[in-house]
Amino acid sequence: MDAATQTPTIAPPTRAYRGVVLAMLLLVYTFNFLDRQILGILAGPIKAELGLTDTQLGALGGIAFALLYSTLAIPLALLADRTSRTWVITVSLGIWSGFTALCGVAGSFWQLFAFRVGVGVGEAGGVAPSYAVISDYFPPDRRARALSIYSLGIPLGSAGGVLLGGYIAQAVEWRTAFLVVGLLGLMIAPVFRLVVREPVRPVQQGDVVPVSAVFGILAAKRSFWFLALGAACSSMCGYGVAFWLPSLLMRSFGLDLMGAGQFLGALLLMGGVAGVLLGGWLGDRLGGKDKAAYAWVPAVSYIVGMPLFVIGVLSSSVTAAFLLFLIPQALVYVWLGPVLTAVQHLVPAHMRASAAASFLLINNLVGLGLGSWSVGALSDALTPSYGAESLRYAIIAALGFYLLAGLFMALAGKHLRKDWVAG
């Protein structure tokens, strides 16, 4: 091996610095979901001011965002694999934060749709490179826990979106909420770039792998398809419920904007955080003994959690609904650490960002793109029969996708044993 192809000898990062890197990635991911999910709590005032239907609101929460978010993730991940993952994350954060702020000046459905597309364009470059950075910084026996801590950005950002968005919208107006969170993200971007160093990757210089080759490796593995389809079904339900639950709480349970924000914020912080951390711990503990556990742990969680969600949606008491939602809210977040770790181990190390983007393409086109839109469209379709309660029954119908997600994850388990790539 000549000097041009050797990996430079650099002291490994300290445990403290790895913690700093993970904290910064978590902060960025929190804003990713804060900017993404804030629309759900603001749906009521936006609908009233712009005269939108539930179908249009669902499109803003799903199709508008997922349109380019899913498709651009792969070329941006490939760019990150070939150049600098930290620079791609930094620029992406700046773009999606800028478009979030612009949502606050939208005067029509199509203007807001266009700005949400812009948010999706920016966020397309944030997640897959972050998975790869974490996998570069953390050893295999700690990756599920590290990815779970990173995935706390989902409940933390979602909770922050409904709490901060609800408070600002009620105290001032919904437009100000978009402006505030967008500008905060723009302030974080340069700090992230200054703090997080590009990790050293054990890759020969000039060893460029076409994305078609990465996808070819994944496509030949049954575990990849079962994991991706299971996650897509889970996300279709998860995004749909998360987007519409604030509206359900206001329409069917009589809560105001702040009450709905506090309900959902507490639910996400308590149940969501517990579920993400539990998934990472179980993934590393059980997956070390049997790689199938990385898929079987989520499978059991979905199947156990779904009936409790249905009972909660059908309840008439706010207190009962919160208690019934708490356990399944934790269980449906369990998948993040184990499944994301498994996907990182279906390819060699230098293909990880591209592999993550391929996984996210399927997950987000189906889950994020159709989740909130399908629930909104079904709610509109059921309105002649159920009136103000139509949203309740649309959400119940969507919850069936958790059972399908459990089936796909169960099927993925045995294939992971032979598809796993060490390192």
# chains A, B, ... in the order shown; residues from 1 in each chain; ligands from 1
>>> residues_around(residues="Gly122 in chain A", least_positions_apart="3", cutoff="7 Å", atoms="only C-alpha atoms", output="NGL selection string")
:A and (92-93 or 95-96 or 118-119 or 125)
>>> residues_around(residues="range 325-334 of chain A", least_positions_apart="6", cutoff="10 Å", atoms="only C-alpha atoms", output="count of residues only")
47
>>> residues_around(residues="Val196 in chain A", least_positions_apart="3", cutoff="8 Å", atoms="only C-alpha atoms", output="number ranges by chain")
A: 21, 24, 86, 192-193
>>> write_last_selection(atoms="all heavy atoms", output="tab-separated table (two decimals), in the first residue's frame")
chain	number	residue	atom	x	y	z
A	21	VAL	N	-19.89	15.57	20.15
A	21	VAL	CA	-20.36	15.36	18.79
A	21	VAL	C	-21.81	14.86	18.79
A	21	VAL	O	-22.67	15.37	18.06
A	21	VAL	CB	-19.46	14.36	18.04
A	21	VAL	CG1	-20.09	13.94	16.71
A	21	VAL	CG2	-18.09	14.98	17.80
A	24	MET	N	-24.24	17.65	19.72
A	24	MET	CA	-24.46	18.60	18.64
A	24	MET	C	-25.36	18.00	17.55
A	24	MET	O	-26.25	18.67	17.02
A	24	MET	CB	-23.13	19.04	18.04
A	24	MET	CG	-22.30	19.93	18.95
A	24	MET	SD	-23.15	21.46	19.46
A	24	MET	CE	-23.48	22.23	17.85
A	86	THR	N	-19.92	16.63	7.65
A	86	THR	CA	-20.26	17.73	8.55
A	86	THR	C	-20.66	18.99	7.78
A	86	THR	O	-21.54	19.73	8.21
A	86	THR	CB	-19.09	18.04	9.50
A	86	THR	OG1	-17.90	18.27	8.73
A	86	THR	CG2	-18.86	16.88	10.45
A	192	PHE	N	-22.44	24.52	14.95
A	192	PHE	CA	-22.25	23.10	14.66
A	192	PHE	C	-20.98	22.87	13.85
A	192	PHE	O	-20.17	21.99	14.17
A	192	PHE	CB	-23.46	22.55	13.91
A	192	PHE	CG	-23.29	21.12	13.45
A	192	PHE	CD1	-23.58	20.07	14.29
A	192	PHE	CD2	-22.83	20.85	12.16
A	192	PHE	CE1	-23.41	18.75	13.89
A	192	PHE	CE2	-22.65	19.53	11.74
A	192	PHE	CZ	-22.95	18.48	12.61
A	193	ARG	N	-20.79	23.67	12.81
A	193	ARG	CA	-19.62	23.47	11.94
A	193	ARG	C	-18.31	23.72	12.68
A	193	ARG	O	-17.30	23.06	12.43
A	193	ARG	CB	-19.71	24.39	10.71
A	193	ARG	CG	-18.60	24.15	9.70
A	193	ARG	CD	-18.68	22.74	9.12
A	193	ARG	NE	-17.50	22.36	8.34
A	193	ARG	CZ	-16.43	21.77	8.84
A	193	ARG	NH1	-16.36	21.50	10.14
A	193	ARG	NH2	-15.42	21.44	8.06
>>> select_by_dssp(residues="range 88-306 of chain A", states="alpha helix (DSSP H)", output="JSON, numbers by chain")
{"A": [88, 89, 90, 91, 92, 93, 94, 95, 96, 97, 98, 99, 100, 101, 102, 103, 109, 110, 111, 112, 113, 114, 115, 116, 117, 118, 119, 120, 121, 122, 123, 127, 128, 129, 130, 131, 132, 133, 134, 135, 136, 137, 143, 144, 145, 146, 147, 148, 149, 150, 151, 153, 154, 155, 156, 157, 158, 159, 160, 161, 162, 163, 164, 165, 166, 167, 168, 169, 170, 171, 174, 175, 176, 177, 178, 179, 180, 181, 182, 183, 184, 185, 186, 187, 188, 189, 190, 191, 192, 193, 194, 195, 211, 212, 213, 214, 215, 216, 217, 218, 219, 222, 223, 224, 225, 226, 227, 228, 229, 230, 231, 232, 233, 234, 235, 236, 237, 238, 239, 240, 241, 242, 243, 244, 245, 246, 247, 248, 249, 250, 251, 257, 258, 259, 260, 261, 262, 263, 264, 265, 266, 267, 273, 274, 275, 276, 277, 278, 279, 280, 281, 282, 283, 284, 285, 286, 287, 293, 294, 295, 296, 297, 298, 299, 300, 301, 302, 303, 304, 305, 306]}
>>> closest_atom_pairs(of="range 27-77 of chain A", to="range 380-398 of chain A", cutoff="9 Å", atoms="only C-alpha atoms", output="CSV")
residue,atom,partner,partner_atom,distance
A:Thr53,CA,A:Asp380,CA,7.8
A:Asp54,CA,A:Asp380,CA,6.3
A:Thr55,CA,A:Asp380,CA,6.8
>>> write_last_selection(atoms="N, CA and C atoms", output="PDB file, in the first residue's frame")
ATOM      1  N   THR A  53     -58.788  22.708   3.679  1.00  0.00           N
ATOM      2  CA  THR A  53     -59.454  21.464   4.057  1.00  0.00           C
ATOM      3  C   THR A  53     -58.464  20.571   4.802  1.00  0.00           C
ATOM      4  N   ASP A  54     -58.963  19.493   5.417  1.00  0.00           N
ATOM      5  CA  ASP A  54     -58.070  18.544   6.078  1.00  0.00           C
ATOM      6  C   ASP A  54     -57.134  17.886   5.067  1.00  0.00           C
ATOM      7  N   THR A  55     -57.627  17.644   3.862  1.00  0.00           N
ATOM      8  CA  THR A  55     -56.783  17.049   2.822  1.00  0.00           C
ATOM      9  C   THR A  55     -55.619  17.966   2.482  1.00  0.00           C
TER      10      THR A  55
END
>>> closest_residue(among="A:Gly185, A:Gly160, A:Gly44, A:Gly166", to="Glu123 in chain A", atoms="only C-alpha atoms")
A:Gly185
>>> residues_around(residues="range 104-110 of chain A", least_positions_apart="5", cutoff="9 Å", atoms="only C-alpha atoms", output="PyMOL selection string")
chain A and resi 50-52+56-57+60+115+174-179
>>> residues_around(residues="Pro75 in chain A", least_positions_apart="6", cutoff="9 Å", atoms="only C-alpha atoms", output="ChimeraX atom specification")
/A:125,211,354,357
